[in-house]
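data.cif, holding mmCIF, C-alpha atoms; chains and numbers go by the auth columns:
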data_coords
#
loop_
_atom_site.group_PDB
_atom_site.id
_atom_site.type_symbol
_atom_site.label_atom_id
_atom_site.label_comp_id
_atom_site.label_asym_id
_atom_site.label_seq_id
_atom_site.Cartn_x
_atom_site.Cartn_y
_atom_site.Cartn_z
_atom_site.B_iso_or_equiv
_atom_site.auth_seq_id
_atom_site.auth_asym_id
ATOM 1 C CA MET A 1 0.000 0.000 0.000 0.00 24 A
ATOM 2 C CA ALA A 2 1.322 3.349 -0.986 0.00 25 A
ATOM 3 C CA ASP A 3 1.876 6.054 1.510 0.00 26 A
ATOM 4 C CA ILE A 4 -0.492 9.000 1.259 0.00 27 A
ATOM 5 C CA ASP A 5 0.921 12.435 1.043 0.00 28 A
ATOM 6 C CA PRO A 6 0.683 13.989 4.547 0.00 29 A
ATOM 7 C CA ARG A 7 -1.043 17.085 3.194 0.00 30 A
ATOM 8 C CA ILE A 8 -3.787 14.984 1.616 0.00 31 A
ATOM 9 C CA GLN A 9 -4.107 12.964 4.829 0.00 32 A
ATOM 10 C CA GLU A 10 -4.496 16.203 6.848 0.00 33 A
ATOM 11 C CA ARG A 11 -7.135 17.465 4.410 0.00 34 A
ATOM 12 C CA ARG A 12 -9.116 14.226 4.731 0.00 35 A
ATOM 13 C CA ILE A 13 -9.024 14.502 8.504 0.00 36 A
ATOM 14 C CA GLU A 14 -10.139 18.153 8.268 0.00 37 A
ATOM 15 C CA ILE A 15 -13.102 17.194 6.077 0.00 38 A
ATOM 16 C CA ILE A 16 -14.177 14.426 8.483 0.00 39 A
ATOM 17 C CA ARG A 17 -13.893 16.820 11.460 0.00 40 A
ATOM 18 C CA ALA A 18 -15.900 19.513 9.620 0.00 41 A
ATOM 19 C CA LYS A 19 -18.670 16.996 8.893 0.00 42 A
ATOM 20 C CA GLY A 20 -18.677 15.960 12.561 0.00 43 A
ATOM 21 C CA LYS A 21 -18.848 19.592 13.718 0.00 44 A
ATOM 22 C CA LYS A 22 -21.717 20.247 11.310 0.00 45 A
ATOM 23 C CA ARG A 23 -23.648 17.227 12.672 0.00 46 A
ATOM 24 C CA LEU A 24 -22.933 18.374 16.222 0.00 47 A
ATOM 25 C CA ARG A 25 -24.232 21.909 15.451 0.00 48 A
ATOM 26 C CA ARG A 26 -27.410 20.480 13.928 0.00 49 A
ATOM 27 C CA LEU A 27 -27.935 18.208 16.919 0.00 50 A
ATOM 28 C CA LEU A 28 -27.400 21.122 19.321 0.00 51 A
ATOM 29 C CA MET A 29 -29.886 23.273 17.372 0.00 52 A
ATOM 30 C CA VAL A 30 -32.531 20.538 17.540 0.00 53 A
ATOM 31 C CA VAL A 31 -31.917 20.030 21.265 0.00 54 A
ATOM 32 C CA LEU A 32 -32.075 23.799 21.918 0.00 55 A
ATOM 33 C CA LEU A 33 -35.294 24.158 19.917 0.00 56 A
ATOM 34 C CA ALA A 34 -36.830 21.263 21.844 0.00 57 A
ATOM 35 C CA LEU A 35 -35.768 22.848 25.146 0.00 58 A
ATOM 36 C CA PHE A 36 -37.187 26.257 24.179 0.00 59 A
ATOM 37 C CA ALA A 37 -40.451 24.689 23.004 0.00 60 A
ATOM 38 C CA SER A 38 -40.744 22.678 26.225 0.00 61 A
ATOM 39 C CA ALA A 39 -40.011 25.770 28.318 0.00 62 A
ATOM 40 C CA ALA A 40 -42.616 27.792 26.400 0.00 63 A
ATOM 41 C CA VAL A 41 -45.259 25.102 26.935 0.00 64 A
ATOM 42 C CA LEU A 42 -44.404 24.791 30.631 0.00 65 A
ATOM 43 C CA ILE A 43 -44.502 28.553 31.152 0.00 66 A
ATOM 44 C CA SER A 44 -47.799 28.907 29.275 0.00 67 A
ATOM 45 C CA LYS A 45 -49.347 26.208 31.485 0.00 68 A
ATOM 46 C CA SER A 46 -47.869 27.583 34.692 0.00 69 A
ATOM 47 C CA SER A 47 -49.571 29.854 37.175 0.00 70 A
ATOM 48 C CA LEU A 48 -47.557 32.783 35.787 0.00 71 A
ATOM 49 C CA LEU A 49 -49.802 32.970 32.728 0.00 72 A
ATOM 50 C CA ASP A 50 -53.198 31.923 34.030 0.00 73 A
ATOM 51 C CA VAL A 51 -56.396 33.876 34.595 0.00 74 A
ATOM 52 C CA ASN A 52 -56.318 35.730 37.897 0.00 75 A
ATOM 53 C CA GLU A 53 -58.885 38.435 37.247 0.00 76 A
ATOM 54 C CA VAL A 54 -61.833 39.133 34.939 0.00 77 A
ATOM 55 C CA VAL A 55 -62.616 42.841 34.487 0.00 78 A
ATOM 56 C CA VAL A 56 -65.816 44.040 32.804 0.00 79 A
ATOM 57 C CA ILE A 57 -65.879 47.599 31.441 0.00 80 A
ATOM 58 C CA GLY A 58 -68.920 49.593 30.358 0.00 81 A
ATOM 59 C CA VAL A 59 -71.705 48.139 32.527 0.00 82 A
ATOM 60 C CA ASP A 60 -73.221 48.466 36.000 0.00 83 A
ATOM 61 C CA SER A 61 -72.506 45.920 38.750 0.00 84 A
ATOM 62 C CA GLU A 62 -75.704 43.894 38.218 0.00 85 A
ATOM 63 C CA LEU A 63 -75.020 43.361 34.524 0.00 86 A
ATOM 64 C CA GLU A 64 -71.327 42.805 35.288 0.00 87 A
ATOM 65 C CA GLU A 65 -72.196 39.737 37.373 0.00 88 A
ATOM 66 C CA LEU A 66 -74.362 38.375 34.563 0.00 89 A
ATOM 67 C CA ILE A 67 -71.610 38.947 31.997 0.00 90 A
ATOM 68 C CA VAL A 68 -68.987 37.218 34.170 0.00 91 A
ATOM 69 C CA THR A 69 -71.366 34.267 34.613 0.00 92 A
ATOM 70 C CA VAL A 70 -72.185 34.050 30.900 0.00 93 A
ATOM 71 C CA ALA A 71 -68.518 34.468 29.894 0.00 94 A
ATOM 72 C CA ASN A 72 -67.687 31.396 31.986 0.00 95 A
ATOM 73 C CA ILE A 73 -63.961 32.107 32.268 0.00 96 A
ATOM 74 C CA PRO A 74 -62.518 29.732 34.871 0.00 97 A
ATOM 75 C CA LYS A 75 -59.876 31.147 37.183 0.00 98 A
ATOM 76 C CA SER A 76 -56.454 29.499 36.862 0.00 99 A
ATOM 77 C CA LYS A 77 -57.062 28.544 33.227 0.00 100 A
ATOM 78 C CA PRO A 78 -54.006 29.308 31.061 0.00 101 A
ATOM 79 C CA LEU A 79 -54.420 32.647 29.253 0.00 102 A
ATOM 80 C CA LEU A 80 -53.452 31.159 25.904 0.00 103 A
ATOM 81 C CA GLU A 81 -56.304 28.647 26.157 0.00 104 A
ATOM 82 C CA ILE A 82 -58.952 31.375 26.535 0.00 105 A
ATOM 83 C CA ASP A 83 -61.139 31.471 23.406 0.00 106 A
ATOM 84 C CA THR A 84 -61.978 35.173 23.165 0.00 107 A
ATOM 85 C CA GLN A 85 -64.243 34.678 20.134 0.00 108 A
ATOM 86 C CA ALA A 86 -66.413 32.102 21.915 0.00 109 A
ATOM 87 C CA ILE A 87 -66.667 34.346 24.980 0.00 110 A
ATOM 88 C CA SER A 88 -67.741 37.289 22.797 0.00 111 A
ATOM 89 C CA THR A 89 -70.381 35.150 21.098 0.00 112 A
ATOM 90 C CA ARG A 90 -71.835 34.022 24.443 0.00 113 A
ATOM 91 C CA ILE A 91 -71.967 37.562 25.829 0.00 114 A
ATOM 92 C CA LYS A 92 -73.607 38.978 22.665 0.00 115 A
ATOM 93 C CA LYS A 93 -76.616 36.748 23.369 0.00 116 A
ATOM 94 C CA ILE A 94 -77.522 39.040 26.290 0.00 117 A
ATOM 95 C CA PRO A 95 -80.272 41.312 24.863 0.00 118 A
ATOM 96 C CA SER A 96 -78.854 44.612 26.131 0.00 119 A
ATOM 97 C CA VAL A 97 -75.332 43.975 24.773 0.00 120 A
ATOM 98 C CA LYS A 98 -74.541 45.529 21.401 0.00 121 A
ATOM 99 C CA SER A 99 -70.866 44.682 21.041 0.00 122 A
ATOM 100 C CA VAL A 100 -68.115 42.968 23.031 0.00 123 A
ATOM 101 C CA LYS A 101 -64.336 42.980 22.887 0.00 124 A
ATOM 102 C CA VAL A 102 -62.441 40.422 24.965 0.00 125 A
ATOM 103 C CA SER A 103 -58.712 40.880 25.494 0.00 126 A
ATOM 104 C CA ARG A 104 -56.033 39.089 27.495 0.00 127 A
ATOM 105 C CA SER A 105 -52.982 40.606 29.146 0.00 128 A
ATOM 106 C CA PHE A 106 -49.972 38.868 30.607 0.00 129 A
ATOM 107 C CA GLY A 107 -50.781 39.844 34.148 0.00 130 A
ATOM 108 C CA GLY A 108 -53.464 37.192 34.331 0.00 131 A
ATOM 109 C CA LYS A 109 -56.138 39.731 33.460 0.00 132 A
ATOM 110 C CA VAL A 110 -58.991 39.166 31.009 0.00 133 A
ATOM 111 C CA THR A 111 -60.778 42.408 30.070 0.00 134 A
ATOM 112 C CA VAL A 112 -64.305 42.356 28.668 0.00 135 A
ATOM 113 C CA SER A 113 -65.268 45.712 27.106 0.00 136 A
ATOM 114 C CA VAL A 114 -69.007 45.964 26.529 0.00 137 A
ATOM 115 C CA THR A 115 -71.065 48.444 24.534 0.00 138 A
ATOM 116 C CA LEU A 116 -74.728 48.428 25.576 0.00 139 A
ATOM 117 C CA ARG A 117 -77.753 48.913 23.376 0.00 140 A
ATOM 118 C CA LYS A 118 -79.770 52.051 24.057 0.00 141 A
ATOM 119 C CA PRO A 119 -83.568 51.964 24.127 0.00 142 A
ATOM 120 C CA SER A 120 -85.080 54.149 21.418 0.00 143 A
ATOM 121 C CA VAL A 121 -88.827 53.513 21.581 0.00 144 A
ATOM 122 C CA LEU A 122 -91.472 51.998 23.804 0.00 145 A
ATOM 123 C CA LEU A 123 -93.405 49.312 21.939 0.00 146 A
ATOM 124 C CA SER A 124 -96.991 48.485 22.825 0.00 147 A
ATOM 125 C CA ASN A 125 -97.494 44.899 21.701 0.00 148 A
ATOM 126 C CA SER A 126 -100.685 42.977 22.553 0.00 149 A
ATOM 127 C CA GLY A 127 -101.034 44.597 25.971 0.00 150 A
ATOM 128 C CA GLN A 128 -97.335 44.298 26.840 0.00 151 A
ATOM 129 C CA TRP A 129 -94.724 47.054 26.852 0.00 152 A
ATOM 130 C CA PHE A 130 -91.178 46.580 25.552 0.00 153 A
ATOM 131 C CA LEU A 131 -88.177 48.858 25.288 0.00 154 A
ATOM 132 C CA ILE A 132 -86.798 48.495 21.757 0.00 155 A
ATOM 133 C CA ASP A 133 -83.463 49.739 20.409 0.00 156 A
ATOM 134 C CA LEU A 134 -82.920 51.384 17.040 0.00 157 A
ATOM 135 C CA GLU A 135 -82.023 48.048 15.405 0.00 158 A
ATOM 136 C CA GLY A 136 -85.310 46.479 16.547 0.00 159 A
ATOM 137 C CA ARG A 137 -84.178 44.276 19.423 0.00 160 A
ATOM 138 C CA ALA A 138 -86.468 43.921 22.443 0.00 161 A
ATOM 139 C CA LEU A 139 -84.249 44.956 25.349 0.00 162 A
ATOM 140 C CA GLU A 140 -86.576 44.836 28.308 0.00 163 A
ATOM 141 C CA ARG A 141 -90.188 44.122 29.170 0.00 164 A
ATOM 142 C CA VAL A 142 -91.807 46.979 31.060 0.00 165 A
ATOM 143 C CA PRO A 143 -94.657 45.847 33.361 0.00 166 A
ATOM 144 C CA GLU A 144 -96.816 48.914 32.699 0.00 167 A
ATOM 145 C CA LEU A 145 -96.765 52.204 30.852 0.00 168 A
ATOM 146 C CA PRO A 146 -94.422 54.560 32.737 0.00 169 A
ATOM 147 C CA SER A 147 -95.948 57.751 34.128 0.00 170 A
ATOM 148 C CA THR A 148 -93.169 59.843 32.567 0.00 171 A
ATOM 149 C CA LEU A 149 -92.445 58.944 28.992 0.00 172 A
ATOM 150 C CA GLU A 150 -88.793 59.078 27.987 0.00 173 A
ATOM 151 C CA TYR A 151 -89.323 57.341 24.657 0.00 174 A
ATOM 152 C CA PRO A 152 -91.864 57.654 21.856 0.00 175 A
ATOM 153 C CA ILE A 153 -94.523 54.940 21.704 0.00 176 A
ATOM 154 C CA VAL A 154 -94.889 52.620 18.743 0.00 177 A
ATOM 155 C CA GLU A 155 -97.900 50.324 18.431 0.00 178 A
ATOM 156 C CA GLY A 156 -97.432 46.805 17.120 0.00 179 A
ATOM 157 C CA ASN A 157 -99.075 43.423 17.059 0.00 180 A
ATOM 158 C CA PHE A 158 -96.319 40.845 16.862 0.00 181 A
ATOM 159 C CA ASN A 159 -97.000 37.290 17.957 0.00 182 A
ATOM 160 C CA ASP A 160 -95.164 36.179 21.103 0.00 183 A
ATOM 161 C CA LEU A 161 -92.454 38.853 21.172 0.00 184 A
ATOM 162 C CA LYS A 162 -89.955 38.114 23.941 0.00 185 A
ATOM 163 C CA VAL A 163 -87.003 39.991 25.403 0.00 186 A
ATOM 164 C CA GLY A 164 -83.926 39.445 23.260 0.00 187 A
ATOM 165 C CA GLU A 165 -85.878 38.816 20.072 0.00 188 A
ATOM 166 C CA TRP A 166 -85.976 41.078 17.039 0.00 189 A
ATOM 167 C CA VAL A 167 -89.133 42.796 15.871 0.00 190 A
ATOM 168 C CA PRO A 168 -90.161 42.004 12.283 0.00 191 A
ATOM 169 C CA GLU A 169 -88.325 43.930 9.590 0.00 192 A
ATOM 170 C CA GLN A 170 -91.428 45.835 8.502 0.00 193 A
ATOM 171 C CA ALA A 171 -91.535 47.543 11.929 0.00 194 A
ATOM 172 C CA LEU A 172 -87.987 48.947 11.704 0.00 195 A
ATOM 173 C CA PHE A 173 -89.073 51.964 9.658 0.00 196 A
ATOM 174 C CA ALA A 174 -91.665 52.968 12.293 0.00 197 A
ATOM 175 C CA ILE A 175 -89.093 52.496 15.081 0.00 198 A
ATOM 176 C CA GLU A 176 -86.507 54.614 13.272 0.00 199 A
ATOM 177 C CA LEU A 177 -89.063 57.289 12.471 0.00 200 A
ATOM 178 C CA ALA A 178 -90.342 57.459 16.064 0.00 201 A
ATOM 179 C CA ALA A 179 -86.800 57.478 17.508 0.00 202 A
ATOM 180 C CA ASN A 180 -85.850 60.445 15.323 0.00 203 A
ATOM 181 C CA LEU A 181 -88.835 62.610 16.260 0.00 204 A
ATOM 182 C CA PRO A 182 -87.874 65.936 17.791 0.00 205 A
ATOM 183 C CA PRO A 183 -88.481 66.123 21.569 0.00 206 A
ATOM 184 C CA VAL A 184 -91.132 68.795 21.030 0.00 207 A
ATOM 185 C CA LEU A 185 -93.388 66.206 19.376 0.00 208 A
ATOM 186 C CA LEU A 186 -93.100 63.679 22.180 0.00 209 A
#

Please go through the file and, once you have read it, give me the structure as C-alpha cells.
Amino acid sequence: MADIDPRIQERRIEIIRAKGKKRLRRLLMVVLLALFASAAVLISKSSLLDVNEVVVIGVDSELEELIVTVANIPKSKPLLEIDTQAISTRIKKIPSVKSVKVSRSFGGKVTVSVTLRKPSVLLSNSGQWFLIDLEGRALERVPELPSTLEYPIVEGNFNDLKVGEWVPEQALFAIELAANLPPVLL
C-alpha cells in the first residue's frame, strides 16, 4: 500500500472533522429548539400565565355579574387557552349587549369591554310594553306604561315577542321614524 501524502491525509481529517462539527451543530440546534419549546409550553401552562382576574368595562354591577357568569372564564385557566371569540359570542346573546371585545394581558387579566344597546322607543305589543333599540331588538319588558315617557310609543301586534328577540323587519321603519322625532313632538 502506498503512503499518502501527509497534506492529503491532513485534508481528509479536516473534512471528516468539519462533517462531525456540522452534525454536532445540527444536533445542538434541535436540542435547543426542543428545550425552548418545552419551556414555552411549561410557562404557558404555569400559574404565571393563568387567569387571575376578569374585568368588565362599560356596565353596571348587576349586569357585570351576569356577563362574568355568561362568559364562563374559569380562574387558573391558562391565558393562551382562553377562546376570546367564543366568549364574545356568548356575551352577545344578552339582549342589552350591542358589542363585546375580549382581550387578554400577561398579568393574568382578562378584560371584557361591553357596549350596551340604548332603548329608542317603547313598543306596545298585545297589551305588553317593551323597550326596543334602534335596530329592533327587544331589550326589556316593562310591566306597565311609565308615568313619565322618555321614549316615543310605537304600536305593534307581533305574535309572542320576547325579550332578546328582534321585531319584524317591517316595523324597523316605524321604530326609526319614532326614535328620530324631535323632543317637542313627544

Practice problem: Extract, using all atoms listed in the file, all DNA, RNA and protein residues at most 12 Å from segment 77-93 of chain A, discarding same-chain residues fewer than 6 positions from it, and format them as a PyMOL selection string. | Solution: chain A and resi 99-100+102+105+109-128+130-140

Quiz item: Expanded to explicit residues, what is the PyMOL selection byres ((chain A and resi 165) around 7) for this file, as a ChimeraX atom specification?
Solution: /A:152-153,163-164,166-167

Using all atoms listed in the file, which residues sit within 10 Å of Phe181 of chain A once same-chain residues fewer than 3 positions away are excluded, as a ChimeraX atom specification? /A:147-149,178,184-185,190-191,194

Just the number, please: distance in Å from atom CA of Glu192 of chain A to atom CA of Glu158 of chain A, one decimal.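 Between atom CA of Glu192 of chain A and atom CA of Glu158 of chain A the gap works out to 9.5 Å.
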
Review point. On this structure, which residues satisfy the PyMOL selection byres ((chain A and resi 198) around 8), written as a ChimeraX atom specification?
Key: /A:143-144,157,159,177,194-197,199-202

inquiry  = So the first atom is atom CA of Pro169 of chain A and the second is atom CA of Ile155 of chain A; what is the distance between them in Å, to one decimal place?
reply    =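 So the two atoms, atom CA of Pro169 of chain A and atom CA of Ile155 of chain A, lie 14.7 Å apart.
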
| said: Nearest residue to Val74 of chain A out of A:Leu146, A:Leu56, A:Phe129, A:Asp183, using only C-alpha atoms? | reply: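 Selected residue with least distance to Val74 of chain A: A:Phe129.
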
request  = Can you give me, as a ChimeraX atom specification, the residues this file yields under the PyMOL selection byres ((chain A and resi 188) around 6)?
outcome  = /A:160-161,185-187,189

What separates atom CA of Ile36 of chain A and atom CA of Met52 of chain A is a distance of 24.3 Å

Of A:Gln108, A:Asp26, A:Gln151, A:Lys44, the one sitting nearest Asn182 of chain A when using all atoms listed in the file is A:Gln151

Please rebuild segment 84-97 of chain A with N, CA and C atoms and give the result as a PDB file, in the frame of the given file.
ATOM      1  N   SER A  84     -72.920  47.115  38.005  1.00  0.00           N
ATOM      2  CA  SER A  84     -72.506  45.920  38.750  1.00  0.00           C
ATOM      3  C   SER A  84     -73.451  44.734  38.555  1.00  0.00           C
ATOM      4  N   GLU A  85     -74.747  44.990  38.406  1.00  0.00           N
ATOM      5  CA  GLU A  85     -75.704  43.894  38.218  1.00  0.00           C
ATOM      6  C   GLU A  85     -75.460  43.170  36.895  1.00  0.00           C
ATOM      7  N   LEU A  86     -75.287  43.944  35.838  1.00  0.00           N
ATOM      8  CA  LEU A  86     -75.020  43.361  34.524  1.00  0.00           C
ATOM      9  C   LEU A  86     -73.616  42.762  34.469  1.00  0.00           C
ATOM     10  N   GLU A  87     -72.697  43.335  35.235  1.00  0.00           N
ATOM     11  CA  GLU A  87     -71.327  42.805  35.288  1.00  0.00           C
ATOM     12  C   GLU A  87     -71.330  41.367  35.797  1.00  0.00           C
ATOM     13  N   GLU A  88     -72.104  41.103  36.840  1.00  0.00           N
ATOM     14  CA  GLU A  88     -72.196  39.737  37.373  1.00  0.00           C
ATOM     15  C   GLU A  88     -72.755  38.777  36.328  1.00  0.00           C
ATOM     16  N   LEU A  89     -73.780  39.211  35.605  1.00  0.00           N
ATOM     17  CA  LEU A  89     -74.362  38.375  34.563  1.00  0.00           C
ATOM     18  C   LEU A  89     -73.349  38.091  33.458  1.00  0.00           C
ATOM     19  N   ILE A  90     -72.607  39.114  33.062  1.00  0.00           N
ATOM     20  CA  ILE A  90     -71.610  38.947  31.997  1.00  0.00           C
ATOM     21  C   ILE A  90     -70.500  37.994  32.432  1.00  0.00           C
ATOM     22  N   VAL A  91     -70.030  38.123  33.667  1.00  0.00           N
ATOM     23  CA  VAL A  91     -68.987  37.218  34.170  1.00  0.00           C
ATOM     24  C   VAL A  91     -69.508  35.782  34.199  1.00  0.00           C
ATOM     25  N   THR A  92     -70.772  35.611  34.585  1.00  0.00           N
ATOM     26  CA  THR A  92     -71.366  34.267  34.613  1.00  0.00           C
ATOM     27  C   THR A  92     -71.497  33.701  33.207  1.00  0.00           C
ATOM     28  N   VAL A  93     -71.997  34.506  32.284  1.00  0.00           N
ATOM     29  CA  VAL A  93     -72.185  34.050  30.900  1.00  0.00           C
ATOM     30  C   VAL A  93     -70.838  33.798  30.218  1.00  0.00           C
ATOM     31  N   ALA A  94     -69.839  34.631  30.500  1.00  0.00           N
ATOM     32  CA  ALA A  94     -68.518  34.468  29.894  1.00  0.00           C
ATOM     33  C   ALA A  94     -67.899  33.137  30.282  1.00  0.00           C
ATOM     34  N   ASN A  95     -68.147  32.706  31.509  1.00  0.00           N
ATOM     35  CA  ASN A  95     -67.687  31.396  31.986  1.00  0.00           C
ATOM     36  C   ASN A  95     -66.177  31.230  31.781  1.00  0.00           C
ATOM     37  N   ILE A  96     -65.418  32.168  32.347  1.00  0.00           N
ATOM     38  CA  ILE A  96     -63.961  32.107  32.268  1.00  0.00           C
ATOM     39  C   ILE A  96     -63.450  31.552  33.595  1.00  0.00           C
ATOM     40  N   PRO A  97     -62.982  30.303  33.605  1.00  0.00           N
ATOM     41  CA  PRO A  97     -62.518  29.732  34.871  1.00  0.00           C
ATOM     42  C   PRO A  97     -61.210  30.364  35.320  1.00  0.00           C
TER      43      PRO A  97
END
